[in-house]
>>> print(open('my_file.cif').read())   # mmCIF, C-alpha atoms
data_data
loop_
_atom_site.label_atom_id
_atom_site.label_comp_id
_atom_site.auth_asym_id
_atom_site.auth_seq_id
_atom_site.Cartn_x
_atom_site.Cartn_y
_atom_site.Cartn_z
CA MET A 284 208.09 16.04 -55.07
CA ASP A 285 207.05 12.71 -56.58
CA LYS A 286 206.39 12.51 -60.31
CA ARG A 287 203.44 10.72 -61.83
CA PRO A 288 204.47 7.52 -63.60
CA THR A 289 204.95 7.68 -67.36
CA LYS A 290 202.23 5.92 -69.36
CA ASP A 291 202.38 3.82 -72.52
CA PHE A 292 200.59 5.98 -75.06
CA THR A 293 200.30 3.16 -77.58
CA ALA A 294 197.57 1.66 -75.37
CA PRO A 295 194.13 1.52 -77.01
CA GLU A 296 192.50 3.16 -73.98
CA CYS A 297 194.02 6.54 -74.83
CA GLN A 298 193.53 6.52 -78.60
CA PRO A 299 191.04 8.75 -80.46
CA PHE A 300 187.63 7.15 -80.84
CA LEU A 301 184.45 7.37 -82.89
CA MET A 302 181.24 5.80 -81.59
CA GLU A 303 178.55 5.78 -84.27
CA GLY A 304 175.07 6.73 -83.15
CA GLY A 305 172.36 9.16 -84.14
CA ASP A 306 172.43 12.40 -86.12
CA HIS A 307 173.48 14.46 -83.09
CA GLY A 308 177.27 14.33 -82.87
CA VAL A 309 179.26 15.21 -79.76
CA LEU A 310 182.92 16.19 -79.90
CA LEU A 311 184.85 15.42 -76.71
CA ILE A 312 188.10 17.27 -75.98
CA HIS A 313 190.57 16.28 -73.25
CA GLY A 314 192.63 18.68 -71.16
CA PHE A 315 196.17 20.05 -70.83
CA THR A 316 198.66 17.11 -70.84
CA GLY A 317 195.78 14.61 -71.00
CA SER A 318 194.46 12.26 -73.66
CA ALA A 319 191.27 10.92 -75.21
CA GLY A 320 191.30 8.34 -72.42
CA HIS A 321 190.07 10.99 -70.01
CA MET A 322 186.91 11.38 -72.13
CA ARG A 323 186.19 7.76 -72.96
CA LEU A 324 183.80 7.00 -70.09
CA ILE A 325 181.80 10.16 -70.87
CA GLY A 326 181.81 9.09 -74.53
CA GLU A 327 180.48 5.65 -73.69
CA GLY A 328 177.77 7.20 -71.52
CA LEU A 329 176.64 9.56 -74.28
CA HIS A 330 176.81 6.84 -76.93
CA ALA A 331 174.54 4.66 -74.78
CA GLN A 332 172.02 7.52 -74.94
CA GLY A 333 172.05 7.41 -78.75
CA PHE A 334 174.55 10.11 -79.69
CA THR A 335 177.42 9.86 -82.16
CA VAL A 336 180.58 10.60 -80.18
CA ARG A 337 184.07 11.51 -81.29
CA GLY A 338 187.07 11.85 -78.96
CA ILE A 339 190.34 13.33 -80.19
CA ASN A 340 193.93 13.69 -79.05
CA LEU A 341 195.17 17.27 -79.34
CA PRO A 342 198.52 17.91 -81.10
CA GLY A 343 201.48 17.03 -78.89
CA HIS A 344 199.37 14.95 -76.54
CA ALA A 345 199.40 11.17 -75.99
CA GLU A 346 202.91 11.12 -77.48
CA SER A 347 205.66 12.60 -75.30
CA MET A 348 206.30 15.76 -73.34
CA GLU A 349 208.93 16.65 -75.92
CA ALA A 350 206.28 16.45 -78.65
CA MET A 351 204.01 18.70 -76.62
CA GLY A 352 206.80 21.26 -76.42
CA LYS A 353 206.65 21.65 -80.20
CA THR A 354 202.99 22.72 -80.09
CA ASP A 355 201.08 25.71 -78.77
CA TRP A 356 197.59 27.15 -78.35
CA GLN A 357 197.17 27.71 -82.08
CA ASP A 358 197.73 24.01 -82.78
CA TRP A 359 195.28 22.93 -80.08
CA LEU A 360 192.55 25.37 -81.11
CA GLY A 361 193.08 24.55 -84.78
CA ALA A 362 192.68 20.82 -84.10
CA ALA A 363 189.48 21.43 -82.14
CA ARG A 364 188.07 23.59 -84.93
CA SER A 365 188.90 20.97 -87.55
CA ALA A 366 187.36 18.14 -85.53
CA ALA A 367 184.15 20.10 -85.00
CA ALA A 368 183.95 20.97 -88.71
CA GLU A 369 184.48 17.32 -89.67
CA LEU A 370 181.73 16.23 -87.29
CA LYS A 371 179.40 18.84 -88.82
CA GLU A 372 179.88 17.15 -92.19
CA LYS A 373 178.76 13.86 -90.65
CA CYS A 374 175.94 14.94 -88.30
CA GLY A 375 173.02 17.34 -88.58
CA ARG A 376 173.58 18.59 -85.04
CA VAL A 377 176.93 19.06 -83.31
CA SER A 378 177.67 19.77 -79.66
CA VAL A 379 180.99 19.94 -77.84
CA ALA A 380 182.11 18.97 -74.34
CA GLY A 381 185.61 19.24 -72.96
CA LEU A 382 187.61 18.76 -69.79
CA SER A 383 189.80 21.51 -68.30
CA MET A 384 191.70 23.08 -71.24
CA GLY A 385 189.32 21.06 -73.41
CA GLY A 386 186.51 22.93 -71.66
CA VAL A 387 188.19 26.21 -72.55
CA LEU A 388 188.42 25.06 -76.17
CA THR A 389 184.73 24.11 -75.94
CA LEU A 390 183.90 27.68 -74.94
CA LEU A 391 186.00 29.08 -77.77
CA LEU A 392 184.23 26.87 -80.33
CA ALA A 393 180.85 27.93 -78.96
CA GLU A 394 181.92 31.56 -79.25
CA GLU A 395 182.82 31.32 -82.92
CA MET A 396 180.61 28.67 -84.52
CA GLU A 397 177.02 27.48 -84.38
CA LEU A 398 176.70 24.57 -81.96
CA THR A 399 173.60 22.82 -80.71
CA ALA A 400 174.94 22.90 -77.14
CA CYS A 401 178.17 22.89 -75.17
CA ALA A 402 179.39 21.52 -71.85
CA PRO A 403 182.64 22.82 -70.36
CA ILE A 404 183.85 20.47 -67.59
CA SER A 405 186.32 21.72 -64.96
CA ALA A 406 187.03 24.60 -67.34
CA PRO A 407 189.34 27.17 -65.73
CA MET A 408 188.61 30.85 -65.91
CA ALA A 409 191.73 31.15 -63.75
CA VAL A 410 194.02 28.58 -62.14
CA GLN A 411 195.12 28.18 -58.54
CA ASN A 412 198.79 27.77 -59.51
CA LYS A 413 200.24 31.22 -58.87
CA LEU A 414 203.31 30.47 -61.02
CA MET A 415 201.28 30.12 -64.23
CA PRO A 416 201.49 33.82 -65.23
CA PHE A 417 205.29 33.60 -65.10
CA ALA A 418 205.62 30.46 -67.22
CA LYS A 419 207.02 32.24 -70.27
CA LEU A 420 209.74 33.92 -68.21
CA ALA A 421 210.57 30.76 -66.29
CA ALA A 422 210.71 28.43 -69.30
CA PRO A 423 214.37 29.14 -70.29
CA PHE A 424 215.47 28.28 -66.74
CA ILE A 425 212.92 25.56 -65.91
CA PRO A 426 212.11 23.86 -69.22
CA MET A 427 209.95 21.13 -67.66
CA THR A 428 207.44 21.38 -64.82
CA TRP A 429 206.30 18.23 -63.03
CA TRP A 430 202.88 17.52 -61.63
CA GLY A 431 202.94 16.60 -57.96
CA GLY A 432 201.43 13.46 -56.55
CA ASP A 433 201.37 11.30 -53.46
CA PRO A 434 201.87 7.64 -54.48
CA GLU A 435 200.55 6.50 -51.09
CA ARG A 436 197.25 8.38 -51.50
CA PRO A 437 194.45 6.28 -53.01
CA SER A 438 193.17 7.71 -56.27
CA MET A 439 189.50 8.27 -57.03
CA LEU A 440 190.25 8.05 -60.75
CA ASP A 441 189.77 5.03 -62.98
CA ASP A 442 193.38 4.08 -63.71
CA ARG A 443 192.36 2.21 -66.87
CA TYR A 444 191.81 5.55 -68.61
CA ASP A 445 194.14 7.88 -66.71
CA TYR A 446 196.59 8.58 -69.53
CA GLY A 447 198.43 11.88 -69.25
CA TYR A 448 201.91 13.30 -68.90
CA PRO A 449 203.74 13.41 -65.55
CA GLY A 450 204.46 17.07 -66.27
CA PHE A 451 204.59 19.58 -69.11
CA PRO A 452 206.98 21.85 -71.01
CA THR A 453 206.86 25.02 -68.91
CA LYS A 454 206.41 27.27 -71.93
CA CYS A 455 203.16 25.47 -72.79
CA ALA A 456 201.55 26.92 -69.67
CA ALA A 457 201.70 30.31 -71.38
CA SER A 458 199.60 28.90 -74.22
CA LEU A 459 197.04 27.60 -71.75
CA ALA A 460 196.89 31.04 -70.15
CA LYS A 461 196.35 32.56 -73.61
CA LEU A 462 193.38 30.29 -74.33
CA ILE A 463 191.80 31.06 -70.96
CA LYS A 464 192.11 34.80 -71.57
CA MET A 465 190.60 34.48 -75.05
CA ALA A 466 187.64 32.40 -73.88
CA ARG A 467 186.91 34.49 -70.80
CA GLY A 468 187.01 37.72 -72.77
CA ASN A 469 184.32 36.65 -75.24
CA LEU A 470 181.88 34.59 -73.16
CA HIS A 471 179.02 36.91 -74.17
CA ALA A 472 179.22 35.48 -77.70
CA ILE A 473 177.93 32.11 -76.47
CA THR A 474 174.19 31.77 -77.08
CA CYS A 475 173.69 28.00 -77.34
CA PRO A 476 172.44 25.93 -74.37
CA ILE A 477 175.29 25.34 -71.94
CA LEU A 478 176.05 23.21 -68.89
CA ALA A 479 179.13 23.95 -66.78
CA VAL A 480 180.39 21.06 -64.65
CA GLN A 481 182.69 21.63 -61.70
CA SER A 482 183.64 19.94 -58.44
CA HIS A 483 183.81 21.81 -55.15
CA ALA A 484 186.89 19.67 -54.43
CA ASP A 485 188.79 20.81 -57.55
CA GLU A 486 192.17 22.10 -56.38
CA THR A 487 193.41 23.00 -59.88
CA ILE A 488 191.10 25.77 -61.10
CA SER A 489 189.65 28.86 -59.45
CA ALA A 490 186.64 27.98 -57.34
CA ASP A 491 184.43 30.53 -59.15
CA SER A 492 185.18 29.31 -62.69
CA ALA A 493 181.71 27.86 -63.37
CA ASP A 494 180.07 30.95 -61.88
CA VAL A 495 182.16 33.21 -64.13
CA ILE A 496 181.08 31.21 -67.17
CA MET A 497 177.40 31.33 -66.21
CA ALA A 498 177.54 35.08 -65.55
CA GLY A 499 179.29 35.78 -68.84
CA VAL A 500 177.37 33.77 -71.44
CA SER A 501 174.29 35.05 -73.29
CA SER A 502 172.58 31.64 -73.40
CA ARG A 503 168.96 31.50 -72.32
CA VAL A 504 169.30 27.82 -71.42
CA LYS A 505 172.17 27.42 -68.97
CA GLY A 506 172.98 25.57 -65.79
CA THR A 507 175.71 24.27 -63.53
CA LEU A 508 176.27 20.73 -62.29
CA TRP A 509 178.20 20.96 -59.02
CA LEU A 510 179.99 17.82 -57.88
CA GLU A 511 181.31 16.96 -54.42
CA LYS A 512 184.56 15.31 -53.31
CA VAL A 513 185.86 14.38 -56.77
CA PRO A 514 189.05 15.85 -58.26
CA HIS A 515 189.74 17.96 -61.34
CA VAL A 516 189.68 15.04 -63.82
CA CYS A 517 186.13 14.22 -62.80
CA THR A 518 185.37 12.53 -66.12
CA ILE A 519 187.06 9.32 -64.93
CA SER A 520 185.87 9.66 -61.34
CA PRO A 521 182.91 7.82 -59.78
CA GLU A 522 180.76 10.74 -61.01
CA HIS A 523 181.31 10.02 -64.72
CA SER A 524 177.86 8.48 -65.21
CA ARG A 525 176.16 11.46 -63.59
CA ILE A 526 178.11 13.85 -65.81
CA ALA A 527 177.22 11.92 -68.98
CA GLU A 528 173.54 11.80 -68.03
CA ALA A 529 173.43 15.53 -67.30
CA ILE A 530 175.10 16.36 -70.61
CA GLY A 531 172.68 14.04 -72.40
CA GLU A 532 169.73 15.86 -70.81
CA LEU A 533 171.16 19.18 -72.01
CA LEU A 534 171.58 17.88 -75.55
CA ARG A 535 168.05 16.52 -75.72
CA ARG A 536 166.64 19.80 -74.41
CA ALA A 537 168.70 21.72 -76.97
CA GLU A 538 167.25 19.59 -79.76
CA GLN A 539 163.72 20.50 -78.68
CA ILE A 540 164.27 24.27 -78.74
CA GLU A 541 166.01 24.53 -82.12
#
>>> encode(input="my_file.cif", output="structure tokens")
Amino acid sequence: MDKRPTKDFTAPECQPFLMEGGDHGVLLIHGFTGSAGHMRLIGEGLHAQGFTVRGINLPGHAESMEAMGKTDWQDWLGAARSAAAELKEKCGRVSVAGLSMGGVLTLLLAEEMELTACAPISAPMAVQNKLMPFAKLAAPFIPMTWWGGDPERPSMLDDRYDYGYPGFPTKCAASLAKLIKMARGNLHAITCPILAVQSHADETISADSADVIMAGVSSRVKGTLWLEKVPHVCTISPEHSRIAEAIGELLRRAEQIE
């Protein structure tokens, strides 16, 4: 199985960012093995609509796979909590959007703190990889797991911002599973306006993930944006503008009902 090429994580395209705008701040959180680069196009789209936008790199990400292996779900959730709290000190309103594991962290933040709105993107309520539940047992024997990829297959993703690891420390998959279980088990605690974004072509997460989220939350204002033909990392796909516009519409509606 081919491995994804290793990226240079000193590149500016994958660094954390802050785009100053209005008094409504939006925290953007990338996914498992990803980087702030995966959220930059969404950030630019929201900033153009007048929002203040902050994108972060989670602990162990945008460094090396070895660095990731020294972190776990507590580090990632703690960083997300801290970033949201810091944005609350800066902005009168704070919303959160995240991709994949970042979407799971988005749900967890919405479950435990007061947000104006939230937008989980490609957020798994289960994954299609059947080996994930056995990650903790497999880790001593298979310390690293590699993402697959076909180098001859044209990518729909914007390579300028596609900064992520070619694999992951196997034990870290257990932390991802922990976060998913935590978020899924407490969805009813979410009351803020919410938009779930998912592609019908996503081969990474369970096909019913967005439906599970919508059925579980207590929000009165909720909706799903279904995409076609784009992959899991849809935030740097040709649909990025549509995603940013839909999130912006949610945020403006949330402002009106506060």
>>> closest_residue(input="my_file.cif", among="A:Thr316, A:Asp306, A:Thr518, A:Arg525", to="Leu382 of chain A", atoms="all atoms listed in the file")
A:Thr518
>>> residues_near_point(input="my_file.cif", point="(177.7, 40.2, -74.9)", cutoff="9 Å", atoms="all atoms listed in the file", output="PyMOL selection string")
chain A and resi 469-473+499-501
>>> resolve_selection(input="my_file.cif", expression="the PyMOL selection byres ((chain A and resi 408-411) around 7)", output="JSON list (two decimals) with C-alpha atoms, in the frame of the given file")
[["chain", "number", "residue", "atom", "x", "y", "z"],
["A", 406, "ALA", "CA", 187.03, 24.60, -67.34],
["A", 407, "PRO", "CA", 189.34, 27.17, -65.73],
["A", 412, "ASN", "CA", 198.79, 27.77, -59.51],
["A", 413, "LYS", "CA", 200.24, 31.22, -58.87],
["A", 463, "ILE", "CA", 191.80, 31.06, -70.96],
["A", 467, "ARG", "CA", 186.91, 34.49, -70.80],
["A", 487, "THR", "CA", 193.41, 23.00, -59.88],
["A", 488, "ILE", "CA", 191.10, 25.77, -61.10],
["A", 489, "SER", "CA", 189.65, 28.86, -59.45],
["A", 492, "SER", "CA", 185.18, 29.31, -62.69]]
>>> resolve_selection(input="my_file.cif", expression="the PyMOL selection byres ((chain A and resi 404) around 7)", output="list in words")
Gly381, Leu382, Ser383, Gly386, Ala402, Pro403, Ser405, Ala406, Ala479, Val480 and Gln481 of chain A
>>> closest_residue(input="my_file.cif", among="A:Met439, A:Leu533, A:Met396, A:Cys455", to="Met351 of chain A", atoms="all atoms listed in the file")
A:Cys455
>>> resolve_selection(input="my_file.cif", expression="the PyMOL selection byres ((chain A and resi 288-299) around 12)", output="ChimeraX atom specification")
/A:285-287,300-302,310-313,316-324,326,336-348,366,429-434,441-450
>>> atom_distance(input="my_file.cif", atom1="atom CA of Thr389 of chain A", atom2="atom CA of Cys401 of chain A")
6.7 Å
>>> closest_residue(input="my_file.cif", among="A:Ala466, A:Cys374, A:Met427, A:Ala493", to="Phe451 of chain A", atoms="only C-alpha atoms")
A:Met427
>>> atom_distance(input="my_file.cif", atom1="atom CA of Glu397 of chain A", atom2="atom CA of Val516 of chain A")
27.2 Å
>>> residues_near_point(input="my_file.cif", point="(170.8, 26.5, -72.9)", cutoff="12 Å", atoms="all atoms listed in the file", output="JSON, numbers by chain")
{"A": [378, 393, 398, 399, 400, 401, 402, 473, 474, 475, 476, 477, 478, 479, 497, 500, 501, 502, 503, 504, 505, 506, 507, 530, 532, 533, 534, 535, 536, 537, 538, 539, 540, 541]}
>>> write_last_selection(input="my_file.cif", atoms="C-alpha atoms", output="mmCIF file, in the frame of the given file")
data_model
loop_
_atom_site.group_PDB
_atom_site.id
_atom_site.type_symbol
_atom_site.label_atom_id
_atom_site.label_comp_id
_atom_site.auth_asym_id
_atom_site.auth_seq_id
_atom_site.Cartn_x
_atom_site.Cartn_y
_atom_site.Cartn_z
ATOM 1 C CA SER A 378 177.670 19.770 -79.660
ATOM 2 C CA ALA A 393 180.850 27.930 -78.960
ATOM 3 C CA LEU A 398 176.700 24.570 -81.960
ATOM 4 C CA THR A 399 173.600 22.820 -80.710
ATOM 5 C CA ALA A 400 174.940 22.900 -77.140
ATOM 6 C CA CYS A 401 178.170 22.890 -75.170
ATOM 7 C CA ALA A 402 179.390 21.520 -71.850
ATOM 8 C CA ILE A 473 177.930 32.110 -76.470
ATOM 9 C CA THR A 474 174.190 31.770 -77.080
ATOM 10 C CA CYS A 475 173.690 28.000 -77.340
ATOM 11 C CA PRO A 476 172.440 25.930 -74.370
ATOM 12 C CA ILE A 477 175.290 25.340 -71.940
ATOM 13 C CA LEU A 478 176.050 23.210 -68.890
ATOM 14 C CA ALA A 479 179.130 23.950 -66.780
ATOM 15 C CA MET A 497 177.400 31.330 -66.210
ATOM 16 C CA VAL A 500 177.370 33.770 -71.440
ATOM 17 C CA SER A 501 174.290 35.050 -73.290
ATOM 18 C CA SER A 502 172.580 31.640 -73.400
ATOM 19 C CA ARG A 503 168.960 31.500 -72.320
ATOM 20 C CA VAL A 504 169.300 27.820 -71.420
ATOM 21 C CA LYS A 505 172.170 27.420 -68.970
ATOM 22 C CA GLY A 506 172.980 25.570 -65.790
ATOM 23 C CA THR A 507 175.710 24.270 -63.530
ATOM 24 C CA ILE A 530 175.100 16.360 -70.610
ATOM 25 C CA GLU A 532 169.730 15.860 -70.810
ATOM 26 C CA LEU A 533 171.160 19.180 -72.010
ATOM 27 C CA LEU A 534 171.580 17.880 -75.550
ATOM 28 C CA ARG A 535 168.050 16.520 -75.720
ATOM 29 C CA ARG A 536 166.640 19.800 -74.410
ATOM 30 C CA ALA A 537 168.700 21.720 -76.970
ATOM 31 C CA GLU A 538 167.250 19.590 -79.760
ATOM 32 C CA GLN A 539 163.720 20.500 -78.680
ATOM 33 C CA ILE A 540 164.270 24.270 -78.740
ATOM 34 C CA GLU A 541 166.010 24.530 -82.120
#
>>> decode(input="my_file.cif", residues="segment 305-396 of chain A", atoms="C-alpha atoms", output="PDB file, in the first residue's frame")
ATOM      1  CA  GLY A 305     -16.213  41.403  13.854  1.00  0.00           C
ATOM      2  CA  ASP A 306     -17.313  40.584  17.395  1.00  0.00           C
ATOM      3  CA  HIS A 307     -18.460  37.075  16.438  1.00  0.00           C
ATOM      4  CA  GLY A 308     -15.449  34.776  16.670  1.00  0.00           C
ATOM      5  CA  VAL A 309     -15.244  31.350  15.045  1.00  0.00           C
ATOM      6  CA  LEU A 310     -12.819  28.680  16.223  1.00  0.00           C
ATOM      7  CA  LEU A 311     -11.807  26.209  13.505  1.00  0.00           C
ATOM      8  CA  ILE A 312     -10.421  22.794  14.488  1.00  0.00           C
ATOM      9  CA  HIS A 313      -8.730  20.385  12.077  1.00  0.00           C
ATOM     10  CA  GLY A 314      -8.985  16.604  12.185  1.00  0.00           C
ATOM     11  CA  PHE A 315      -7.010  13.522  13.223  1.00  0.00           C
ATOM     12  CA  THR A 316      -3.460  13.752  11.739  1.00  0.00           C
ATOM     13  CA  GLY A 317      -4.359  17.005   9.963  1.00  0.00           C
ATOM     14  CA  SER A 318      -3.382  20.633  10.416  1.00  0.00           C
ATOM     15  CA  ALA A 319      -4.745  24.169  10.394  1.00  0.00           C
ATOM     16  CA  GLY A 320      -4.158  24.105   6.633  1.00  0.00           C
ATOM     17  CA  HIS A 321      -7.253  21.954   6.235  1.00  0.00           C
ATOM     18  CA  MET A 322      -9.347  24.783   7.730  1.00  0.00           C
ATOM     19  CA  ARG A 323      -7.742  27.779   6.054  1.00  0.00           C
ATOM     20  CA  LEU A 324     -10.080  28.046   3.050  1.00  0.00           C
ATOM     21  CA  ILE A 325     -13.121  27.839   5.342  1.00  0.00           C
ATOM     22  CA  GLY A 326     -11.482  30.479   7.532  1.00  0.00           C
ATOM     23  CA  GLU A 327     -10.943  32.807   4.591  1.00  0.00           C
ATOM     24  CA  GLY A 328     -14.548  32.308   3.512  1.00  0.00           C
ATOM     25  CA  LEU A 329     -15.903  33.144   6.966  1.00  0.00           C
ATOM     26  CA  HIS A 330     -13.547  36.094   7.385  1.00  0.00           C
ATOM     27  CA  ALA A 331     -14.808  37.518   4.082  1.00  0.00           C
ATOM     28  CA  GLN A 332     -18.288  37.440   5.643  1.00  0.00           C
ATOM     29  CA  GLY A 333     -17.104  39.606   8.544  1.00  0.00           C
ATOM     30  CA  PHE A 334     -16.279  37.072  11.257  1.00  0.00           C
ATOM     31  CA  THR A 335     -13.147  36.889  13.383  1.00  0.00           C
ATOM     32  CA  VAL A 336     -11.614  33.480  12.696  1.00  0.00           C
ATOM     33  CA  ARG A 337      -9.001  31.487  14.572  1.00  0.00           C
ATOM     34  CA  GLY A 338      -7.485  28.213  13.350  1.00  0.00           C
ATOM     35  CA  ILE A 339      -5.320  26.098  15.631  1.00  0.00           C
ATOM     36  CA  ASN A 340      -2.992  23.115  15.428  1.00  0.00           C
ATOM     37  CA  LEU A 341      -3.834  20.465  18.008  1.00  0.00           C
ATOM     38  CA  PRO A 342      -1.004  19.074  20.194  1.00  0.00           C
ATOM     39  CA  GLY A 343       1.178  16.599  18.316  1.00  0.00           C
ATOM     40  CA  HIS A 344      -0.076  17.758  14.937  1.00  0.00           C
ATOM     41  CA  ALA A 345       1.800  19.631  12.189  1.00  0.00           C
ATOM     42  CA  GLU A 346       5.056  18.401  13.765  1.00  0.00           C
ATOM     43  CA  SER A 347       5.806  14.695  13.331  1.00  0.00           C
ATOM     44  CA  MET A 348       4.058  11.385  13.822  1.00  0.00           C
ATOM     45  CA  GLU A 349       6.419  10.737  16.719  1.00  0.00           C
ATOM     46  CA  ALA A 350       5.220  13.944  18.379  1.00  0.00           C
ATOM     47  CA  MET A 351       1.628  12.866  17.893  1.00  0.00           C
ATOM     48  CA  GLY A 352       2.421   9.609  19.667  1.00  0.00           C
ATOM     49  CA  LYS A 353       3.192  11.573  22.830  1.00  0.00           C
ATOM     50  CA  THR A 354      -0.313  13.063  22.941  1.00  0.00           C
ATOM     51  CA  ASP A 355      -3.810  11.723  23.507  1.00  0.00           C
ATOM     52  CA  TRP A 356      -7.477  12.731  23.615  1.00  0.00           C
ATOM     53  CA  GLN A 357      -7.017  14.736  26.813  1.00  0.00           C
ATOM     54  CA  ASP A 358      -4.390  16.934  25.152  1.00  0.00           C
ATOM     55  CA  TRP A 359      -6.550  17.521  22.081  1.00  0.00           C
ATOM     56  CA  LEU A 360      -9.719  18.300  24.031  1.00  0.00           C
ATOM     57  CA  GLY A 361      -7.789  20.496  26.448  1.00  0.00           C
ATOM     58  CA  ALA A 362      -6.322  22.527  23.583  1.00  0.00           C
ATOM     59  CA  ALA A 363      -9.758  22.983  22.023  1.00  0.00           C
ATOM     60  CA  ARG A 364     -11.216  24.123  25.339  1.00  0.00           C
ATOM     61  CA  SER A 365      -8.396  26.605  25.876  1.00  0.00           C
ATOM     62  CA  ALA A 366      -8.689  28.040  22.369  1.00  0.00           C
ATOM     63  CA  ALA A 367     -12.448  28.516  22.751  1.00  0.00           C
ATOM     64  CA  ALA A 368     -11.985  30.190  26.142  1.00  0.00           C
ATOM     65  CA  GLU A 369      -9.336  32.535  24.720  1.00  0.00           C
ATOM     66  CA  LEU A 370     -11.631  33.478  21.842  1.00  0.00           C
ATOM     67  CA  LYS A 371     -14.427  34.202  24.343  1.00  0.00           C
ATOM     68  CA  GLU A 372     -12.159  36.764  25.990  1.00  0.00           C
ATOM     69  CA  LYS A 373     -11.750  38.485  22.623  1.00  0.00           C
ATOM     70  CA  CYS A 374     -15.243  38.235  21.102  1.00  0.00           C
ATOM     71  CA  GLY A 375     -18.759  38.729  22.418  1.00  0.00           C
ATOM     72  CA  ARG A 376     -20.021  35.699  20.509  1.00  0.00           C
ATOM     73  CA  VAL A 377     -18.112  32.474  19.871  1.00  0.00           C
ATOM     74  CA  SER A 378     -18.968  29.597  17.564  1.00  0.00           C
ATOM     75  CA  VAL A 379     -16.950  26.505  16.676  1.00  0.00           C
ATOM     76  CA  ALA A 380     -16.567  24.460  13.499  1.00  0.00           C
ATOM     77  CA  GLY A 381     -14.334  21.453  13.041  1.00  0.00           C
ATOM     78  CA  LEU A 382     -13.417  18.780  10.530  1.00  0.00           C
ATOM     79  CA  SER A 383     -13.573  15.051  11.332  1.00  0.00           C
ATOM     80  CA  MET A 384     -12.051  14.649  14.828  1.00  0.00           C
ATOM     81  CA  GLY A 385     -12.229  18.444  14.979  1.00  0.00           C
ATOM     82  CA  GLY A 386     -15.968  18.047  14.404  1.00  0.00           C
ATOM     83  CA  VAL A 387     -16.129  15.642  17.325  1.00  0.00           C
ATOM     84  CA  LEU A 388     -14.277  18.188  19.466  1.00  0.00           C
ATOM     85  CA  THR A 389     -16.760  20.805  18.230  1.00  0.00           C
ATOM     86  CA  LEU A 390     -19.613  18.671  19.546  1.00  0.00           C
ATOM     87  CA  LEU A 391     -17.869  18.180  22.879  1.00  0.00           C
ATOM     88  CA  LEU A 392     -17.351  21.941  23.289  1.00  0.00           C
ATOM     89  CA  ALA A 393     -21.001  22.579  22.442  1.00  0.00           C
ATOM     90  CA  GLU A 394     -22.008  19.992  25.031  1.00  0.00           C
ATOM     91  CA  GLU A 395     -20.094  21.639  27.856  1.00  0.00           C
ATOM     92  CA  MET A 396     -19.965  25.381  27.192  1.00  0.00           C
TER      93      MET A 396
END
